[in-house]
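This report concerns only the one structure given below.
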Amino acid sequence: MSTDAPPDSPSPSPSPEDSRARGRSDARESRRSTVEGGDRHAMLRPGDGPMVIFDGVTKAYGPNAIGLDDLSLSIESGEFIFLVGASGSGKSTFIKLLIKEVDATKGTVSVGGRNVTRMRRGKVPYLRRAIGCVFQDYKLLPGRSVYENVAYALQVTGENPRTIRRKVPEMLALVGLSDKGARLPNELSGGEQQRVSIARAFVNHPRLLIADEPTGNLDPETSIGIMQLLYRINRTGTTVIMATHDRDLVDKMQMRVIELAGGKLIRDQRQARYARAE
Ligand SMILES: Nc1ncnc2c1ncn2[C@@H]1O[C@H](COP(=O)(O)OP(=O)(O)O)[C@@H](O)[C@H]1O
Ligand SMILES: [Mg+2]
């Protein structure tokens, strides 16, 4: 994923630590790197065990600002998860903990068998490259074409130009944008921009893809298309965690629903609807 972007571009925004870590790693190392700088297939495959474990996780932003409150749960490799709850319930905090954009105040977060809580700062760029991220506001590079936005995610991992020329068109075809590679982001609709951001998140074939309100700015029809795309990605074995407010989508899909309120887990239910059944 494209964390290694210039300062004005996609999030999670690169921190100074990221830049320092990048400076230290040579191209060959970064090409093969995932969470621990090891083999890129080190992340778990479906059936290999939990992809995500939260064990007694509290995140306090301040004395009276609780993001998550003693959360424990586990997500198996290959699952599709809806993370639901009102605004302020802790959904984005959950996602930020997974990519170590924030650190737990208490408890342990692990991703792909790695303890993220104890991970050294220098390893964080590799963690983020191993997780595909999709956000409500797309976070595309505004001055670059659709093609270049997707290619960028491969360039930062040191992929060779021939592979990039092969993979980018494949990914644009997957998201239905084969004919729009030369466009700039602002020449696309919101739904199309979100497709580009999904292509960018998935082009490295991460084992885990997280999406924070990916349909938040889209109309219902367009949202269904985005949802179908995430579902197809999940069918390839990728674990997908989607934070959403979108009641209709959740009800249609009938997947596992994890519901937060005030930072606490209030429901964890299989094949569920947005609202708890009466
Ligand atoms: N950077 C921050 N500083 C202080 N409080 C924060 C910060 N980020 C989130 N919070 C608080 O943490 C709680 C959970 O927020 P968040 O995870 O963004 O929820 P959601 O994504 O479900 O809307 C809210 O009460 C919010 O105000
Ligand atoms: Mg949020």
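All residue names refer to the structure tokens as shown: chains lettered A, B, ... in order, residues numbered from 1 in each chain, ligands numbered from 1 in order.
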**Message:** Show me which residues line ligand 2, defined as having an atom within 9 Å of a ligand atom where only C-alpha atoms and all ligand atoms count, and present them as a list in words.
**Reply:**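 These are the residues that qualify: Ser87, Gly88, Ser89, Gly90, Lys91, Ser92, Thr93, Ile95, Asp212, Glu213, Ala243 and Thr244 of chain A.
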**Request:** Quick one: everything within 9 Å of A:Pro214, counting only C-alpha atoms, minus sequence neighbours fewer than 6 positions away in the same chain. Send it as a list of chain:residue names.
**Result:** A:Val134, A:Phe135, A:Gln136, A:Asp137, A:Tyr138, A:Gln194, A:Ser223, A:Ile226, A:Met227, A:Met242, A:Ala243, A:Thr244
**Request:** Tell me, in Å to one decimal, how far atom CA of A:Asn160 is from atom CA of A:Gly122.
**Result:** 23.9 Å
**Prompt:** In terms of the shortest atom-to-atom distance over only C-alpha atoms, which of A:Val203, A:Ile210, A:Met255, A:Val124 is closest to A:Val240?
**Reply:**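 Selected residue with least distance to A:Val240: A:Ile210.
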**Request:** Return as a ChimeraX atom specification the full set of residues in stretch 92-229 of chain A whose backbone-based DSSP assignment is helix (DSSP H, G or I).
**Result:** /A:92-98,121-129,146-155,161-174,178-180,185-187,190-202,220-229
**Minimum-distance residue to ligand 1, chosen among A:Pro169, A:Leu218, A:His245, A:Glu192 (using only C-alpha atoms and all ligand atoms)** =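 Result for the nearest residue to ligand 1: A:His245.
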